[in-house]
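Raw contents of upload_6.txt, compact mmCIF, C-alpha atoms:
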# COMPACT_ATOMS: atom_id res chain seq x y z
CA THR C 1048 -38.05 -9.90 45.53
CA GLN C 1049 -38.14 -8.36 42.10
CA LEU C 1050 -41.26 -6.58 40.87
CA LEU C 1051 -40.69 -8.01 37.40
CA GLU C 1052 -39.65 -11.64 37.30
CA GLN C 1053 -38.08 -12.96 34.15
CA SER C 1054 -37.81 -16.57 33.16
CA PRO C 1055 -35.77 -18.41 32.35
CA GLN C 1056 -32.72 -16.79 33.90
CA PHE C 1057 -30.38 -18.62 31.55
CA LEU C 1058 -30.99 -20.17 28.18
CA SER C 1059 -28.50 -21.94 25.95
CA ILE C 1060 -29.81 -23.16 22.62
CA GLN C 1061 -28.64 -24.17 19.17
CA GLU C 1062 -28.85 -21.88 16.19
CA GLY C 1063 -32.21 -22.26 14.46
CA GLU C 1064 -34.22 -23.10 17.58
CA ASN C 1065 -37.15 -21.04 18.82
CA LEU C 1066 -37.40 -19.63 22.33
CA THR C 1067 -39.67 -17.60 24.54
CA VAL C 1068 -38.69 -15.36 27.44
CA TYR C 1069 -41.29 -14.33 30.00
CA CYS C 1070 -41.60 -11.21 32.12
CA ASN C 1071 -44.21 -11.52 34.86
CA SER C 1072 -45.54 -9.37 37.66
CA SER C 1073 -48.54 -9.09 39.93
CA SER C 1074 -48.57 -5.33 39.29
CA VAL C 1075 -50.04 -3.39 36.39
CA PHE C 1076 -47.75 -1.43 34.11
CA SER C 1077 -48.51 1.56 31.91
CA SER C 1078 -45.93 0.38 29.43
CA LEU C 1079 -43.28 -2.26 29.16
CA GLN C 1080 -39.97 -2.24 27.35
CA TRP C 1081 -37.59 -4.95 26.20
CA TYR C 1082 -33.86 -4.30 25.97
CA ARG C 1083 -30.94 -6.38 24.75
CA GLN C 1084 -27.53 -5.88 26.25
CA GLU C 1085 -24.26 -7.26 24.96
CA PRO C 1086 -21.26 -7.64 27.31
CA GLY C 1087 -19.67 -4.29 28.12
CA GLU C 1088 -22.30 -2.33 26.23
CA GLY C 1089 -25.34 -0.36 27.29
CA PRO C 1090 -28.83 -1.92 27.01
CA VAL C 1091 -30.41 -1.21 23.63
CA LEU C 1092 -34.13 -0.59 23.47
CA LEU C 1093 -35.88 -3.16 21.27
CA VAL C 1094 -39.55 -2.32 21.72
CA THR C 1095 -42.15 -0.58 23.86
CA VAL C 1096 -45.62 -2.07 24.33
CA VAL C 1097 -48.40 0.04 25.75
CA THR C 1098 -51.80 -1.54 25.09
CA GLY C 1099 -53.00 -4.72 26.80
CA GLY C 1100 -52.89 -7.60 24.34
CA GLU C 1101 -50.60 -5.69 22.00
CA VAL C 1102 -48.30 -7.71 19.75
CA LYS C 1103 -45.28 -6.18 18.04
CA LYS C 1104 -42.90 -7.83 15.63
CA LEU C 1105 -39.31 -6.90 14.97
CA LYS C 1106 -37.98 -9.27 12.27
CA ARG C 1107 -37.67 -12.63 14.06
CA LEU C 1108 -38.67 -11.19 17.44
CA THR C 1109 -42.30 -11.10 18.57
CA PHE C 1110 -43.28 -9.16 21.68
CA GLN C 1111 -46.61 -9.47 23.45
CA PHE C 1112 -48.10 -7.46 26.28
CA GLY C 1113 -50.56 -9.33 28.46
CA ASP C 1114 -54.22 -8.37 28.38
CA ALA C 1115 -54.07 -7.19 31.98
CA ARG C 1116 -50.75 -5.40 31.39
CA LYS C 1117 -49.06 -7.44 34.10
CA ASP C 1118 -46.85 -9.58 31.93
CA SER C 1119 -45.05 -9.76 28.62
CA SER C 1120 -43.27 -12.27 26.46
CA LEU C 1121 -40.52 -12.17 23.89
CA HIS C 1122 -40.46 -14.93 21.30
CA ILE C 1123 -37.48 -15.42 19.00
CA THR C 1124 -37.89 -17.55 15.89
CA ALA C 1125 -34.91 -19.36 14.39
CA ALA C 1126 -32.40 -17.92 16.84
CA GLN C 1127 -29.01 -16.87 15.54
CA PRO C 1128 -25.67 -16.42 17.34
CA GLY C 1129 -26.13 -12.66 16.94
CA ASP C 1130 -29.13 -12.89 19.27
CA THR C 1131 -26.82 -13.81 22.15
CA GLY C 1132 -27.03 -11.33 25.00
CA LEU C 1133 -28.83 -10.29 28.14
CA TYR C 1134 -32.50 -9.57 27.60
CA LEU C 1135 -34.09 -7.20 30.07
CA CYS C 1136 -37.70 -6.25 30.44
CA ALA C 1137 -38.55 -2.98 32.14
CA GLY C 1138 -41.88 -1.46 32.98
CA LEU C 1139 -43.38 1.84 34.02
CA LEU C 1140 -45.46 1.04 37.08
CA TYR C 1141 -49.01 2.28 36.65
CA ASN C 1142 -49.72 5.48 38.59
CA PHE C 1143 -46.17 5.64 39.98
CA ASN C 1144 -44.16 6.98 37.03
CA LYS C 1145 -41.25 4.79 38.06
CA PHE C 1146 -39.39 2.24 35.99
CA TYR C 1147 -38.55 -1.22 37.22
CA PHE C 1148 -36.21 -3.65 35.55
CA GLY C 1149 -36.67 -7.38 35.37
CA SER C 1150 -34.07 -9.82 36.60
CA GLY C 1151 -32.77 -10.49 33.09
CA THR C 1152 -32.44 -13.52 30.84
CA LYS C 1153 -29.03 -14.51 29.56
CA LEU C 1154 -29.35 -16.09 26.14
CA ASN C 1155 -26.56 -17.98 24.43
CA VAL C 1156 -27.14 -19.16 20.89
CA LYS C 1157 -24.56 -21.69 19.77
CA PRO C 1158 -23.65 -21.96 16.10
CA ALA W 1140 -29.92 10.12 15.71
CA ALA W 1141 -28.07 11.48 18.69
CA GLY W 1142 -27.60 9.07 21.57
CA VAL W 1143 -26.66 9.32 25.21
CA ILE W 1144 -22.99 10.16 25.65
CA GLN W 1145 -20.96 9.05 28.62
CA SER W 1146 -17.42 9.95 29.52
CA PRO W 1147 -14.97 8.61 30.16
CA ARG W 1148 -15.60 5.16 28.72
CA HIS W 1149 -12.97 3.57 30.91
CA LEU W 1150 -11.55 4.72 34.23
CA ILE W 1151 -9.00 3.15 36.52
CA LYS W 1152 -8.69 4.46 40.06
CA GLU W 1153 -7.06 3.34 43.26
CA LYS W 1154 -8.82 2.70 46.55
CA ARG W 1155 -9.83 5.83 48.43
CA GLU W 1156 -9.55 8.01 45.32
CA THR W 1157 -12.41 9.97 43.80
CA ALA W 1158 -14.00 9.67 40.37
CA THR W 1159 -16.41 11.77 38.33
CA LEU W 1160 -18.53 10.25 35.60
CA LYS W 1161 -20.36 12.42 33.09
CA CYS W 1162 -23.55 11.87 31.15
CA TYR W 1163 -24.93 13.92 28.28
CA PRO W 1164 -28.56 13.00 27.57
CA ILE W 1165 -30.26 12.87 24.22
CA PRO W 1166 -31.23 16.43 23.14
CA ARG W 1167 -34.55 17.55 24.64
CA HIS W 1168 -34.47 14.79 27.24
CA ASP W 1169 -34.93 16.29 30.68
CA THR W 1170 -34.61 13.17 32.83
CA VAL W 1171 -31.45 11.24 33.64
CA TYR W 1172 -30.98 7.96 35.47
CA TRP W 1173 -27.78 6.41 36.80
CA TYR W 1174 -27.30 2.65 37.11
CA GLN W 1175 -24.54 0.41 38.41
CA GLN W 1176 -24.03 -3.01 36.89
CA GLY W 1177 -21.69 -5.50 38.50
CA PRO W 1178 -20.32 -8.51 36.62
CA GLY W 1179 -23.10 -10.89 35.68
CA GLN W 1180 -25.78 -8.73 37.27
CA ASP W 1181 -28.62 -6.64 35.90
CA PRO W 1182 -28.44 -2.85 36.22
CA GLN W 1183 -29.15 -1.51 39.71
CA PHE W 1184 -30.77 1.89 39.92
CA LEU W 1185 -28.75 4.52 41.77
CA ILE W 1186 -30.42 7.89 41.36
CA SER W 1187 -32.44 9.97 38.90
CA PHE W 1188 -32.98 13.63 38.07
CA TYR W 1189 -35.85 15.44 36.39
CA GLU W 1190 -35.53 19.08 35.39
CA LYS W 1191 -32.33 19.42 37.44
CA MET W 1192 -33.93 18.15 40.63
CA GLN W 1193 -33.38 14.74 42.19
CA SER W 1194 -36.50 12.74 41.43
CA ASP W 1195 -35.75 9.34 42.91
CA LYS W 1196 -33.06 7.58 44.86
CA GLY W 1197 -32.12 3.94 44.75
CA SER W 1198 -29.22 2.03 46.22
CA ILE W 1199 -26.70 4.84 45.94
CA PRO W 1200 -23.99 4.77 48.63
CA ASP W 1201 -23.54 7.86 50.78
CA ARG W 1202 -20.04 8.18 49.30
CA PHE W 1203 -21.63 8.95 45.94
CA SER W 1204 -23.40 12.13 44.92
CA ALA W 1205 -24.84 13.35 41.67
CA GLN W 1206 -26.41 16.37 40.12
CA GLN W 1207 -28.00 17.55 36.91
CA PHE W 1208 -26.90 20.85 35.43
CA SER W 1209 -28.73 23.59 33.58
CA ASP W 1210 -27.85 22.01 30.21
CA TYR W 1211 -29.33 18.72 31.53
CA HIS W 1212 -26.06 16.88 31.60
CA SER W 1213 -25.40 14.97 34.80
CA GLU W 1214 -22.35 14.02 36.81
CA LEU W 1215 -21.91 11.18 39.27
CA ASN W 1216 -19.26 11.90 41.88
CA MET W 1217 -17.78 8.97 43.70
CA SER W 1218 -15.47 9.39 46.68
CA SER W 1219 -13.47 7.05 48.93
CA LEU W 1220 -13.60 4.44 46.21
CA GLU W 1221 -13.69 0.81 47.26
CA LEU W 1222 -12.81 -2.33 45.33
CA GLY W 1223 -16.51 -3.21 45.26
CA ASP W 1224 -17.27 -0.06 43.30
CA SER W 1225 -15.68 -1.63 40.23
CA ALA W 1226 -18.54 -1.96 37.79
CA LEU W 1227 -20.14 -0.63 34.64
CA TYR W 1228 -21.97 2.62 35.25
CA PHE W 1229 -24.76 3.48 32.87
CA CYS W 1230 -26.63 6.64 32.34
CA ALA W 1231 -30.04 6.62 30.69
CA SER W 1232 -32.14 9.52 29.54
CA THR W 1233 -35.78 10.08 28.81
CA GLN W 1234 -38.28 12.88 28.81
CA GLY W 1235 -41.19 13.90 30.97
CA GLY W 1236 -39.85 12.73 34.30
CA GLY W 1237 -39.86 9.08 33.39
CA ARG W 1238 -43.19 8.47 31.68
CA TYR W 1239 -41.45 7.22 28.56
CA GLU W 1240 -38.85 4.61 27.73
CA GLN W 1241 -35.25 5.11 28.74
CA TYR W 1242 -32.33 5.22 26.34
CA PHE W 1243 -29.02 4.03 27.67
CA GLY W 1244 -25.54 5.32 27.10
CA PRO W 1245 -22.58 3.04 26.32
CA GLY W 1246 -21.46 3.03 29.93
CA THR W 1247 -18.32 3.84 31.87
CA ARG W 1248 -16.26 0.91 33.07
CA LEU W 1249 -14.75 1.81 36.43
CA THR W 1250 -11.97 -0.35 37.80
CA VAL W 1251 -10.79 0.26 41.35
CA THR W 1252 -7.44 -1.28 42.21
Can you give me the file's structure in the form of structure tokens?
Amino acid sequence: TQLLEQSPQFLSIQEGENLTVYCNSSSVFSSLQWYRQEPGEGPVLLVTVVTGGEVKKLKRLTFQFGDARKDSSLHITAAQPGDTGLYLCAGLLYNFNKFYFGSGTKLNVKP
Amino acid sequence: AAGVIQSPRHLIKEKRETATLKCYPIPRHDTVYWYQQGPGQDPQFLISFYEKMQSDKGSIPDRFSAQQFSDYHSELNMSSLELGDSALYFCASTQGGGRYEQYFGPGTRLTVT
């Protein structure tokens, strides 16, 4: 079992639709990161959230860290084909100084 | 800004051969992680180094070894290559032994024939 569970695993939507990806755990994290990876490329860091309840916005992407720092969400508004990729959450487990990756969400945005 | 550098970007080897992958972390980063990513899978942690010492070990086969050098670059040595070793290998760097976010390199695509 994965320490960080992402849902959905796969998502195929039309351009212009909104979507939310979830990253859930029963463990507490000191910080949580979201990455986007395109085929054959390395994951690119999108954001780091540190404080419970924190919300960060990156253009059409909104990231939220849960109040208890056990979960996070990524919301994309008006998705575009350029958003297509694998979205990975990763967290630094509290008191363990070790990173864990989520299971990933494959997003396909059709024009 | 300088990023993580990996070399080579592509490598083709035959079964039972050896391969060496190199990773040059972002300047002033003292921690390096190695990951293996098979087709359609998320990255699987192999091994990490902090200040030139192994800090954590994941699912790294015994046929693989790695080290971090005095200039903080790292090398992943892979011997007796198998077809199943074909994958993307990523290196990521950070500072402080892993208390901060990781930055990934572009990866090395290894193909074993």
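Between chain C and the residues W:Ser1219, W:Thr1159, W:Thr1233, W:Gln1206, the shortest atom-to-atom distance, using all atoms listed in the file, involves W:Thr1233.
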Exercise. Quick one: which residues from chain W are at most 12 Å off chain C, using all atoms listed in the file, as a VMD selection string?
Worked result: chain W and resid 1142 to 1145 1148 to 1149 1170 1172 to 1184 1186 to 1187 1189 1194 to 1197 1226 to 1249
Same residues, C-alpha atoms, output as an mmCIF file, in the coordinates of the input:
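again_8.cif written:
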data_model
loop_
_atom_site.group_PDB
_atom_site.id
_atom_site.type_symbol
_atom_site.label_atom_id
_atom_site.label_comp_id
_atom_site.auth_asym_id
_atom_site.auth_seq_id
_atom_site.Cartn_x
_atom_site.Cartn_y
_atom_site.Cartn_z
ATOM 1 C CA GLY W 1142 -27.600 9.070 21.570
ATOM 2 C CA VAL W 1143 -26.660 9.320 25.210
ATOM 3 C CA ILE W 1144 -22.990 10.160 25.650
ATOM 4 C CA GLN W 1145 -20.960 9.050 28.620
ATOM 5 C CA ARG W 1148 -15.600 5.160 28.720
ATOM 6 C CA HIS W 1149 -12.970 3.570 30.910
ATOM 7 C CA THR W 1170 -34.610 13.170 32.830
ATOM 8 C CA TYR W 1172 -30.980 7.960 35.470
ATOM 9 C CA TRP W 1173 -27.780 6.410 36.800
ATOM 10 C CA TYR W 1174 -27.300 2.650 37.110
ATOM 11 C CA GLN W 1175 -24.540 0.410 38.410
ATOM 12 C CA GLN W 1176 -24.030 -3.010 36.890
ATOM 13 C CA GLY W 1177 -21.690 -5.500 38.500
ATOM 14 C CA PRO W 1178 -20.320 -8.510 36.620
ATOM 15 C CA GLY W 1179 -23.100 -10.890 35.680
ATOM 16 C CA GLN W 1180 -25.780 -8.730 37.270
ATOM 17 C CA ASP W 1181 -28.620 -6.640 35.900
ATOM 18 C CA PRO W 1182 -28.440 -2.850 36.220
ATOM 19 C CA GLN W 1183 -29.150 -1.510 39.710
ATOM 20 C CA PHE W 1184 -30.770 1.890 39.920
ATOM 21 C CA ILE W 1186 -30.420 7.890 41.360
ATOM 22 C CA SER W 1187 -32.440 9.970 38.900
ATOM 23 C CA TYR W 1189 -35.850 15.440 36.390
ATOM 24 C CA SER W 1194 -36.500 12.740 41.430
ATOM 25 C CA ASP W 1195 -35.750 9.340 42.910
ATOM 26 C CA LYS W 1196 -33.060 7.580 44.860
ATOM 27 C CA GLY W 1197 -32.120 3.940 44.750
ATOM 28 C CA ALA W 1226 -18.540 -1.960 37.790
ATOM 29 C CA LEU W 1227 -20.140 -0.630 34.640
ATOM 30 C CA TYR W 1228 -21.970 2.620 35.250
ATOM 31 C CA PHE W 1229 -24.760 3.480 32.870
ATOM 32 C CA CYS W 1230 -26.630 6.640 32.340
ATOM 33 C CA ALA W 1231 -30.040 6.620 30.690
ATOM 34 C CA SER W 1232 -32.140 9.520 29.540
ATOM 35 C CA THR W 1233 -35.780 10.080 28.810
ATOM 36 C CA GLN W 1234 -38.280 12.880 28.810
ATOM 37 C CA GLY W 1235 -41.190 13.900 30.970
ATOM 38 C CA GLY W 1236 -39.850 12.730 34.300
ATOM 39 C CA GLY W 1237 -39.860 9.080 33.390
ATOM 40 C CA ARG W 1238 -43.190 8.470 31.680
ATOM 41 C CA TYR W 1239 -41.450 7.220 28.560
ATOM 42 C CA GLU W 1240 -38.850 4.610 27.730
ATOM 43 C CA GLN W 1241 -35.250 5.110 28.740
ATOM 44 C CA TYR W 1242 -32.330 5.220 26.340
ATOM 45 C CA PHE W 1243 -29.020 4.030 27.670
ATOM 46 C CA GLY W 1244 -25.540 5.320 27.100
ATOM 47 C CA PRO W 1245 -22.580 3.040 26.320
ATOM 48 C CA GLY W 1246 -21.460 3.030 29.930
ATOM 49 C CA THR W 1247 -18.320 3.840 31.870
ATOM 50 C CA ARG W 1248 -16.260 0.910 33.070
ATOM 51 C CA LEU W 1249 -14.750 1.810 36.430
#
Problem set entry | Two-atom distance - CA of Val1097 (chain C), CA of Asp1169 (chain W) (Å) | 21.7 Å
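Between CA of Ala1126 (chain C) and CA of Asp1114 (chain C) lies a distance of 26.5 Å.
When all atoms listed in the file are used to compute distances to Val1156 (chain C), the closest of the residues C:Asn1065, C:Asn1071, C:Phe1076, C:Arg1116 turns out to be C:Asn1065.
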For this session: Can you pull out every residue within 6 Å of His1212 (chain W), counting all atoms listed in the file, but drop anything in the same chain fewer than 4 positions away, and send it as a ChimeraX atom specification?
Result: /W:1162-1163,1207-1208
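What separates CA of Asn1155 (chain C) from CA of Leu1121 (chain C) is a distance of 15.1 Å.
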For this session: Determine, counting all atoms listed in the file, which protein, DNA and RNA residues have an atom within 7 Å of an atom of region 1103-1113 of chain C; residues of the same chain fewer than 6 positions away are not included. Present the result as a PyMOL selection string.
Result: chain C and resi 1096+1119-1124
Problem set entry | Neighbour list for Glu1062 (chain C) as a PyMOL selection string, cut-off 7 Å, all atoms listed in the file, skip fewer than 3 positions in-chain | chain C and resi 1125-1128+1156-1158
Exercise. Any idea what's packed within 9 Å of region 1155-1158 of chain W, counting all atoms listed in the file, ignoring anything in its chain fewer than 4 positions away? Could you give it as a PyMOL selection string?
Worked result: chain W and resi 1150+1215-1221+1249+1251
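Using all atoms listed in the file, the residues found no farther than 9 Å from Pro1200 (chain W), other than those of its own chain fewer than 2 positions away, are Leu1185, Ser1198, Arg1202, Phe1203, Ser1204 and Met1217 of chain W.
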